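Raw contents of query.csv, CSV, C-alpha atoms:
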chain,number,residue,atom,x,y,z
A,1,MET,CA,-15.8,-16.2,20.7
A,2,THR,CA,-19.4,-14.9,20.9
A,3,GLU,CA,-22.5,-15.6,19.0
A,4,SER,CA,-22.8,-14.2,15.5
A,5,ILE,CA,-25.9,-12.9,13.7
A,6,SER,CA,-27.8,-15.5,11.7
A,7,THR,CA,-27.0,-15.4,8.0
A,8,ASN,CA,-28.7,-16.4,4.8
A,9,TYR,CA,-25.4,-17.1,3.2
A,10,SER,CA,-24.3,-20.7,3.0
A,11,ILE,CA,-20.8,-20.8,4.6
A,12,PRO,CA,-18.7,-23.9,4.0
A,13,SER,CA,-16.5,-25.5,6.6
A,14,VAL,CA,-13.4,-25.5,4.5
A,15,MET,CA,-12.1,-23.1,1.8
A,16,LYS,CA,-9.4,-22.6,-0.8
A,17,ALA,CA,-6.5,-20.5,0.6
A,18,ALA,CA,-2.9,-19.8,0.1
A,19,GLN,CA,-0.7,-21.4,2.7
A,20,GLN,CA,2.7,-20.1,3.7
A,21,ASN,CA,4.7,-22.9,5.4
A,22,GLY,CA,8.0,-21.2,6.1
A,23,TYR,CA,10.3,-18.4,4.9
A,24,GLY,CA,11.9,-18.2,1.4
A,25,GLU,CA,11.2,-18.0,-2.3
A,26,VAL,CA,7.5,-18.1,-3.2
A,27,ARG,CA,7.7,-21.4,-5.1
A,28,ASN,CA,9.3,-23.1,-2.2
A,29,VAL,CA,7.1,-22.0,0.7
A,30,LEU,CA,3.7,-21.1,-0.7
A,31,THR,CA,1.0,-23.6,-1.7
A,32,LEU,CA,-2.7,-23.4,-2.5
A,33,ARG,CA,-5.0,-25.8,-0.6
A,34,ASN,CA,-8.7,-26.6,-0.8
A,35,ASP,CA,-9.1,-27.9,2.8
A,36,VAL,CA,-8.3,-24.9,5.0
A,37,PRO,CA,-10.9,-24.3,7.8
A,38,VAL,CA,-13.1,-21.3,7.3
A,39,PRO,CA,-12.7,-18.9,10.2
A,40,TYR,CA,-16.4,-18.7,10.9
A,41,GLU,CA,-16.3,-18.2,14.7
A,42,LEU,CA,-16.5,-14.4,15.3
A,43,SER,CA,-16.0,-12.2,18.3
A,44,SER,CA,-18.6,-9.5,18.9
A,45,LYS,CA,-16.8,-6.9,16.7
A,46,GLN,CA,-15.6,-9.2,13.9
A,47,ILE,CA,-17.0,-9.7,10.4
A,48,LEU,CA,-16.7,-12.6,8.1
A,49,ILE,CA,-16.0,-11.7,4.4
A,50,ARG,CA,-16.3,-13.7,1.3
A,51,VAL,CA,-13.3,-12.5,-0.5
A,52,HIS,CA,-13.6,-11.4,-4.2
A,53,ALA,CA,-10.1,-10.0,-4.6
A,54,GLY,CA,-6.9,-9.1,-2.9
A,55,SER,CA,-3.8,-7.3,-3.9
A,56,ILE,CA,-0.1,-7.6,-3.2
A,57,ASN,CA,2.3,-5.0,-1.7
A,58,GLN,CA,6.0,-5.1,-1.4
A,59,ILE,CA,5.7,-5.9,2.3
A,60,ASP,CA,3.9,-9.1,1.4
A,61,TRP,CA,6.8,-10.7,-0.4
A,62,LYS,CA,9.3,-9.3,2.2
A,63,VAL,CA,7.3,-11.0,4.9
A,64,LEU,CA,7.3,-14.2,2.8
A,65,ASN,CA,11.1,-14.0,2.4
A,66,GLY,CA,11.5,-13.7,6.2
A,67,ASN,CA,12.8,-10.1,6.1
A,68,PHE,CA,10.7,-9.3,9.2
A,69,SER,CA,11.0,-12.7,11.0
A,70,SER,CA,12.9,-11.1,13.9
A,71,LEU,CA,10.1,-8.7,14.5
A,72,VAL,CA,6.9,-10.5,13.4
A,73,ARG,CA,6.5,-14.1,14.4
A,74,LEU,CA,4.2,-16.0,12.1
A,75,SER,CA,2.4,-19.3,13.0
A,76,PHE,CA,2.6,-21.8,10.1
A,77,PRO,CA,0.7,-22.5,8.0
A,78,HIS,CA,-0.1,-18.9,7.5
A,79,VAL,CA,-2.5,-17.2,5.1
A,80,PRO,CA,-0.8,-14.2,3.6
A,81,GLY,CA,-2.3,-11.0,2.0
A,82,LYS,CA,-3.3,-7.6,3.5
A,83,ASP,CA,-5.5,-5.8,1.0
A,84,VAL,CA,-9.0,-7.2,0.5
A,85,ALA,CA,-12.4,-6.5,-1.1
A,86,GLY,CA,-15.4,-8.7,-0.7
A,87,VAL,CA,-18.9,-9.2,0.7
A,88,ILE,CA,-19.8,-9.5,4.4
A,89,VAL,CA,-21.5,-12.9,4.9
A,90,ASN,CA,-21.7,-12.9,8.7
A,91,ILE,CA,-21.2,-10.4,11.6
A,92,GLY,CA,-20.5,-10.5,15.3
A,93,SER,CA,-23.3,-9.6,17.7
A,94,GLY,CA,-21.7,-6.2,18.5
A,95,VAL,CA,-21.0,-5.0,15.0
A,96,GLU,CA,-22.6,-1.6,14.4
A,97,ARG,CA,-21.3,-0.2,11.2
A,98,PHE,CA,-22.1,-3.0,8.7
A,99,GLN,CA,-24.8,-5.4,7.7
A,100,ILE,CA,-24.7,-8.8,6.1
A,101,GLY,CA,-24.4,-8.3,2.3
A,102,ASP,CA,-22.4,-5.1,2.5
A,103,LYS,CA,-19.5,-4.8,0.0
A,104,VAL,CA,-16.4,-3.7,1.8
A,105,TYR,CA,-12.7,-3.1,1.4
A,106,GLY,CA,-9.8,-2.9,3.9
A,107,ASN,CA,-6.3,-3.5,5.0
A,108,LEU,CA,-5.8,-6.5,7.4
A,109,GLY,CA,-2.4,-5.3,8.6
A,110,MET,CA,0.1,-7.8,9.8
A,111,ASN,CA,-2.7,-10.3,10.7
A,112,ASP,CA,-3.0,-11.0,7.0
A,113,GLY,CA,-5.5,-13.5,5.5
A,114,SER,CA,-6.8,-12.0,2.3
A,115,PHE,CA,-5.4,-14.6,-0.1
A,116,ALA,CA,-8.3,-16.9,0.8
A,117,GLU,CA,-12.0,-17.4,0.0
A,118,TYR,CA,-13.0,-16.2,3.4
A,119,VAL,CA,-11.4,-13.9,6.0
A,120,ARG,CA,-12.4,-12.5,9.3
A,121,GLY,CA,-11.3,-9.2,10.9
A,122,ASP,CA,-12.4,-6.5,13.3
A,123,GLU,CA,-15.0,-4.1,11.7
A,124,SER,CA,-12.6,-1.2,12.4
A,125,LEU,CA,-10.3,-2.5,9.6
A,126,PHE,CA,-12.9,-2.0,6.9
A,127,SER,CA,-15.0,0.6,5.1
A,128,LEU,CA,-17.8,0.3,2.5
A,129,LYS,CA,-16.4,-0.3,-0.9
A,130,PRO,CA,-16.6,2.6,-3.4
A,131,ASN,CA,-19.7,2.2,-5.5
A,132,ASN,CA,-18.2,3.3,-8.8
A,133,ILE,CA,-15.4,0.7,-9.1
A,134,THR,CA,-15.0,-3.1,-9.3
A,135,MET,CA,-13.9,-5.4,-6.5
A,136,GLU,CA,-10.5,-5.8,-8.2
A,137,GLU,CA,-10.1,-2.0,-8.2
A,138,ALA,CA,-11.2,-1.7,-4.6
A,139,ALA,CA,-8.7,-4.3,-3.5
A,140,ALA,CA,-5.9,-2.2,-5.1
A,141,ILE,CA,-6.6,0.7,-2.8
A,142,PRO,CA,-6.3,0.2,1.0
A,143,LEU,CA,-2.6,-0.1,2.0
A,144,ALA,CA,-1.0,1.9,-0.8
A,145,CYS,CA,-3.6,4.6,-0.9
A,146,GLN,CA,-3.9,4.9,2.8
A,147,THR,CA,-0.1,5.2,3.2
A,148,SER,CA,0.0,8.2,0.9
A,149,TYR,CA,-3.1,9.7,2.5
A,150,GLN,CA,-1.4,9.6,5.9
A,151,VAL,CA,1.8,11.0,4.5
A,152,LEU,CA,0.2,13.9,2.6
A,153,PHE,CA,-2.6,14.7,5.1
A,154,LYS,CA,-1.1,13.7,8.5
A,155,LYS,CA,2.6,14.0,8.2
A,156,ALA,CA,3.2,16.7,5.7
A,157,SER,CA,3.0,20.2,7.2
A,158,PRO,CA,1.0,22.0,5.9
A,159,PRO,CA,-1.2,19.1,4.7
A,160,ILE,CA,-1.0,18.7,0.9
A,161,GLY,CA,-3.8,16.4,-0.1
A,162,MET,CA,-4.2,13.3,-2.2
A,163,GLU,CA,-4.8,15.2,-5.5
A,164,THR,CA,-1.8,17.5,-5.1
A,165,LYS,CA,-2.1,19.0,-8.6
A,166,ALA,CA,-5.8,19.7,-8.1
A,167,VAL,CA,-5.0,21.9,-5.0
A,168,GLY,CA,-2.3,23.9,-6.9
A,169,ALA,CA,0.8,22.2,-5.6
A,170,HIS,CA,3.9,22.2,-7.8
A,171,VAL,CA,4.9,18.6,-8.2
A,172,THR,CA,8.0,16.9,-9.5
A,173,ALA,CA,8.0,13.1,-9.8
A,174,THR,CA,10.8,10.6,-10.7
A,175,CYS,CA,10.2,7.6,-12.9
A,176,SER,CA,11.8,5.7,-15.7
A,177,GLN,CA,11.3,6.6,-19.4
A,178,ARG,CA,9.0,3.6,-19.9
A,179,ASN,CA,6.4,5.2,-17.5
A,180,PHE,CA,6.2,8.6,-19.2
A,181,SER,CA,3.3,7.4,-21.5
A,182,LEU,CA,1.6,6.0,-18.4
A,183,MET,CA,1.6,9.4,-16.8
A,184,GLU,CA,0.1,10.9,-20.0
A,185,LYS,CA,-2.7,8.3,-19.9
A,186,LEU,CA,-3.5,9.4,-16.4
A,187,GLY,CA,-4.2,12.9,-17.8
A,188,TYR,CA,-0.9,14.7,-17.1
A,189,ASP,CA,0.9,17.0,-19.5
A,190,ILE,CA,4.4,15.8,-19.1
A,191,THR,CA,7.4,18.1,-19.1
A,192,GLN,CA,11.0,17.6,-18.3
A,193,THR,CA,11.5,21.3,-17.7
A,194,ASN,CA,10.9,22.5,-14.2
A,195,ILE,CA,8.8,25.5,-15.1
A,196,GLU,CA,5.0,25.6,-14.8
A,197,THR,CA,3.2,27.5,-17.6
A,198,ASN,CA,-0.2,29.2,-17.7
A,199,ASN,CA,-1.1,27.8,-14.3
A,200,ASN,CA,-1.6,24.4,-15.9
A,201,ARG,CA,-2.7,22.1,-13.1
A,202,ASN,CA,-2.3,19.1,-15.3
A,203,GLN,CA,1.3,19.8,-16.0
A,204,LEU,CA,3.7,17.4,-14.3
A,205,HIS,CA,7.4,17.8,-14.1
A,206,ILE,CA,9.1,14.4,-14.6
A,207,ILE,CA,12.7,13.3,-14.0
A,208,ASP,CA,14.0,10.1,-15.6
A,209,TYR,CA,16.0,8.6,-12.7
A,210,ASN,CA,18.0,6.5,-15.1
A,211,GLU,CA,19.3,9.6,-16.8
A,212,LYS,CA,19.3,12.3,-14.2
A,213,ASP,CA,19.7,12.8,-10.4
A,214,PHE,CA,16.9,14.7,-8.8
A,215,GLU,CA,19.4,16.3,-6.4
A,216,HIS,CA,21.2,18.0,-9.3
A,217,GLU,CA,18.1,18.9,-11.2
A,218,LEU,CA,16.3,20.5,-8.3
A,219,LYS,CA,19.2,21.7,-6.1
A,220,GLY,CA,18.3,24.9,-4.3
A,221,GLN,CA,14.7,25.1,-5.4
A,222,ASN,CA,13.3,25.0,-1.9
A,223,TYR,CA,10.7,22.2,-2.0
A,224,ASP,CA,8.4,21.8,1.0
A,225,VAL,CA,8.3,18.0,1.0
A,226,VAL,CA,10.2,15.1,-0.5
A,227,TYR,CA,8.1,11.9,-0.3
A,228,ASP,CA,10.4,8.9,-0.6
A,229,CYS,CA,9.0,5.5,-1.7
A,230,ILE,CA,12.3,4.0,-2.9
A,231,GLY,CA,14.6,4.0,0.1
A,232,GLY,CA,18.3,4.2,0.6
A,233,GLU,CA,20.5,6.7,2.4
A,234,GLN,CA,21.2,8.6,-0.8
A,235,GLN,CA,17.6,9.7,-1.0
A,236,TRP,CA,17.9,11.6,2.3
A,237,ILE,CA,21.3,13.1,1.3
A,238,SER,CA,19.9,14.3,-2.0
A,239,ALA,CA,16.7,15.6,-0.5
A,240,GLN,CA,18.6,18.0,1.7
A,241,GLN,CA,19.9,19.7,-1.4
A,242,VAL,CA,16.4,20.5,-2.7
A,243,LEU,CA,14.3,21.1,0.5
A,244,LYS,CA,13.6,24.6,1.9
A,245,CYS,CA,14.7,25.5,5.4
A,246,GLY,CA,12.3,23.5,7.6
A,247,GLY,CA,11.3,21.2,4.7
A,248,GLN,CA,10.3,17.6,5.3
A,249,PHE,CA,11.7,14.4,4.1
A,250,ILE,CA,9.1,11.6,4.5
A,251,THR,CA,10.2,8.1,3.8
A,252,ILE,CA,8.2,4.8,4.0
A,253,VAL,CA,11.3,2.7,3.3
A,254,GLY,CA,14.2,4.1,5.2
A,255,ASP,CA,17.9,3.6,4.5
A,256,ASP,CA,17.7,-0.2,4.0
A,257,ARG,CA,15.9,-1.0,0.7
A,258,LYS,CA,16.0,-4.7,1.5
A,259,SER,CA,14.2,-4.1,4.8
A,260,ILE,CA,15.8,-7.1,6.5
A,261,ILE,CA,14.9,-6.5,10.2
A,262,SER,CA,17.3,-7.7,12.9
A,263,LEU,CA,18.4,-6.5,16.3
A,264,LYS,CA,21.5,-4.9,14.6
A,265,SER,CA,19.4,-3.2,12.0
A,266,LEU,CA,16.9,-1.9,14.6
A,267,VAL,CA,19.7,-0.4,16.6
A,268,SER,CA,21.2,1.2,13.4
A,269,VAL,CA,17.8,2.6,12.4
A,270,GLY,CA,17.2,4.0,15.9
A,271,SER,CA,20.6,5.6,15.9
A,272,SER,CA,20.1,7.2,12.5
A,273,LEU,CA,16.7,8.6,13.5
A,274,ILE,CA,18.0,10.1,16.6
A,275,ASN,CA,20.9,11.7,14.8
A,276,ARG,CA,18.7,13.1,12.0
A,277,LYS,CA,16.1,14.4,14.5
A,278,PHE,CA,19.0,16.1,16.4
A,279,TRP,CA,20.2,17.9,13.3
A,280,SER,CA,16.7,18.8,12.2
A,281,ILE,CA,16.4,20.8,15.4
A,282,PHE,CA,19.9,22.2,15.9
A,283,GLY,CA,21.2,22.2,12.3
A,284,SER,CA,21.1,25.4,10.2
A,285,SER,CA,18.7,24.0,7.6
A,286,HIS,CA,16.2,22.3,10.1
A,287,HIS,CA,15.3,19.6,7.5
A,288,ASN,CA,12.9,17.2,9.2
A,289,TYR,CA,13.4,13.5,8.7
A,290,ILE,CA,10.2,11.4,9.1
A,291,PHE,CA,10.0,7.6,8.9
A,292,HIS,CA,6.3,6.8,8.4
A,293,PHE,CA,4.6,3.5,9.2
A,294,VAL,CA,1.0,3.1,8.0
A,295,ASN,CA,-1.7,2.4,10.5
A,296,GLN,CA,-5.3,1.1,9.8
A,297,ASN,CA,-8.1,3.6,10.2
A,298,PHE,CA,-11.6,3.1,8.8
A,299,GLN,CA,-12.3,6.8,8.9
A,300,GLU,CA,-9.5,7.4,6.4
A,301,LEU,CA,-10.8,4.7,4.1
A,302,ASP,CA,-14.2,6.4,4.3
A,303,ASP,CA,-12.5,9.7,3.3
A,304,ILE,CA,-10.7,8.1,0.5
A,305,ARG,CA,-13.9,6.5,-0.8
A,306,THR,CA,-16.2,9.5,-0.6
A,307,LYS,CA,-13.8,12.4,-1.4
A,308,TYR,CA,-11.5,10.9,-3.9
A,309,ILE,CA,-12.6,7.5,-5.4
A,310,GLU,CA,-16.4,8.2,-5.8
A,311,THR,CA,-15.7,11.7,-7.1
A,312,GLY,CA,-13.3,10.5,-9.7
A,313,LYS,CA,-10.3,12.5,-8.4
A,314,VAL,CA,-8.4,9.3,-7.8
A,315,LYS,CA,-8.7,6.1,-9.8
A,316,PRO,CA,-6.9,2.8,-9.0
A,317,LEU,CA,-4.3,1.8,-11.6
A,318,ILE,CA,-4.0,-1.9,-12.2
A,319,ASP,CA,-1.1,-3.6,-14.0
A,320,THR,CA,-2.3,-7.3,-14.0
A,321,ILE,CA,-5.1,-9.4,-12.6
A,322,TYR,CA,-4.2,-12.9,-11.7
A,323,ASP,CA,-7.1,-15.5,-11.4
A,324,TRP,CA,-6.5,-18.6,-9.3
A,325,GLN,CA,-9.7,-20.1,-10.6
A,326,LYS,CA,-8.0,-20.3,-14.0
A,327,ASP,CA,-4.4,-20.7,-13.2
A,328,ASP,CA,-4.5,-22.3,-9.7
A,329,VAL,CA,-1.3,-21.9,-7.6
A,330,GLU,CA,0.6,-20.4,-10.6
A,331,ALA,CA,-1.5,-17.3,-10.2
A,332,LEU,CA,0.0,-16.8,-6.7
A,333,TYR,CA,3.6,-17.5,-7.9
A,334,LEU,CA,3.3,-15.0,-10.8
A,335,LEU,CA,1.7,-12.4,-8.5
A,336,TYR,CA,4.6,-12.5,-6.0
A,337,GLU,CA,7.3,-12.7,-8.7
A,338,LYS,CA,6.0,-9.7,-10.6
A,339,SER,CA,5.8,-7.7,-7.4
A,340,LYS,CA,9.3,-8.6,-6.4
A,341,SER,CA,10.6,-7.6,-9.9
A,342,GLU,CA,9.5,-4.0,-9.2
A,343,LYS,CA,8.5,-3.7,-12.9
A,344,ALA,CA,4.7,-3.4,-12.4
A,345,GLN,CA,3.0,-0.3,-13.8
A,346,GLY,CA,0.2,-0.3,-11.2
A,347,LYS,CA,-1.2,-2.7,-8.7
A,348,LEU,CA,-1.1,-6.5,-9.0
A,349,ILE,CA,-4.4,-8.1,-8.2
A,350,LEU,CA,-5.4,-11.7,-7.2
A,351,LYS,CA,-9.0,-12.5,-8.3
A,352,ILE,CA,-10.4,-15.0,-5.9
A,353,ALA,CA,-14.2,-15.1,-6.6
A,354,HIS,CA,-16.2,-13.7,-9.5
A,355,GLU,CA,-18.7,-10.9,-8.7
A,356,GLU,CA,-22.3,-12.1,-8.6
Would you kindly transcribe this structure into structure tokens?
Amino acid sequence: MTESISTNYSIPSVMKAAQQNGYGEVRNVLTLRNDVPVPYELSSKQILIRVHAGSINQIDWKVLNGNFSSLVRLSFPHVPGKDVAGVIVNIGSGVERFQIGDKVYGNLGMNDGSFAEYVRGDESLFSLKPNNITMEEAAAIPLACQTSYQVLFKKASPPIGMETKAVGAHVTATCSQRNFSLMEKLGYDITQTNIETNNNRNQLHIIDYNEKDFEHELKGQNYDVVYDCIGGEQQWISAQQVLKCGGQFITIVGDDRKSIISLKSLVSVGSSLINRKFWSIFGSSHHNYIFHFVNQNFQELDDIRTKYIETGKVKPLIDTIYDWQKDDVEALYLLYEKSKSEKAQGKLILKIAHEE
């Protein structure tokens, strides 16, 4: 560790933080303690953040359950949480992009640590927080939004863009009937008929996946890209019926929806990828199978902030904000349980400190 810059913020020696003490169900392995040491020692490129809010993603409860324990070794007790928004209270001597007092947001990756009053991380993991949204809304953005940004801009060919409807793309989405009204609240004109009328960029074709199979509804319609956030081998099988020759199937889940990683599953995934890559080259349809893993990149967070959030083209959608100042450890339990239920209509937020 190297010297940090002097700060006017009063930084305590201990903090309140979630503590994961093993793998399993949240009520069995997660606690909330008030005596966790603050990670105040910084390397030259690290910043210390007073956390205002974090958000949960599916990978968080999968890591808690031990789904990735063969691949990612945690040291217990472990502070979970990847998405974070807060205020910089100290910086390393070599930090160039930020100053003490800056409001930032970011994705900590597999290092975790956002479900705590303070977290440290390399400055490359963070960007300035969008100036037109709250800390809670900012915490909803990094991992989920950056994943789709990378899929639509980096993986899709040609690049589509975050606001696909705004650039004239024809979009079909699948969701349950209970989410139709949510799509309308977001400003879309919902139709269950796959025909665009009057060049209406707000029109969105929706398929109720409980009633219809997108493979049968869209078969032979030559889509450029199928973006899969659900997982399962059937998604790839169905996508091949709707993609054009040379079209792309991009998944962030893969065949195994449970995402339990073991040596056997890694061998199986590797074999499937090789097989699908082979047929994407030598098969008659040339459908391209892409398994995407998100990576942290502050330039992309800057792009998301300036081009989409601050311009109002993209707005974070929040289902519930849980506040551990009010509900103590129960806020953590409800956060994880709601995420695992897969019934949330938007992001689930953990409020850690109130904005000043």
Hey, which of A:Leu317, A:Ile59, A:Ile100, A:Leu332 ends up closest to Gln345 (chain A)? Count only C-alpha atoms.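 Ranked by minimum distance to Gln345 (chain A), first place goes to A:Leu317.
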Can you work out the spacing between CA of Ser148 (chain A) and CA of Asp224 (chain A) in Å, to one decimal? 16.0 Å
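Considering the residues A:Val14, A:Val36, A:Ile290, A:Ala331 and counting only C-alpha atoms, Lys154 (chain A) has its shortest atom-to-atom contact with A:Ile290.
Take CA of Val89 (chain A) and CA of Met110 (chain A): the distance between them is 22.7 Å.
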note - CA of Pro80 (chain A) and CA of Thr306 (chain A) are separated by 28.6 Å
Go through A:Tyr333, A:Tyr322, A:Tyr308, A:Tyr23 and flag the residue nearest Asn132 (chain A), using all atoms listed in the file for the distances.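 Answer, going by the shortest atom-to-atom distance: A:Tyr308.
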Minimum-distance residue to Asn8 (chain A), chosen among A:Gln240, A:Asn90, A:Asn67, A:Asn28 (using all atoms listed in the file): A:Asn90
Go through A:Gly113, A:Gly247, A:Pro130, A:Gly106 one by one, measure the shortest atom-to-atom distance of each to Gln221 (chain A) using all atoms listed in the file, and give the residue with the smallest value.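 Among the listed residues, the smallest separation from Gln221 (chain A) belongs to A:Gly247.
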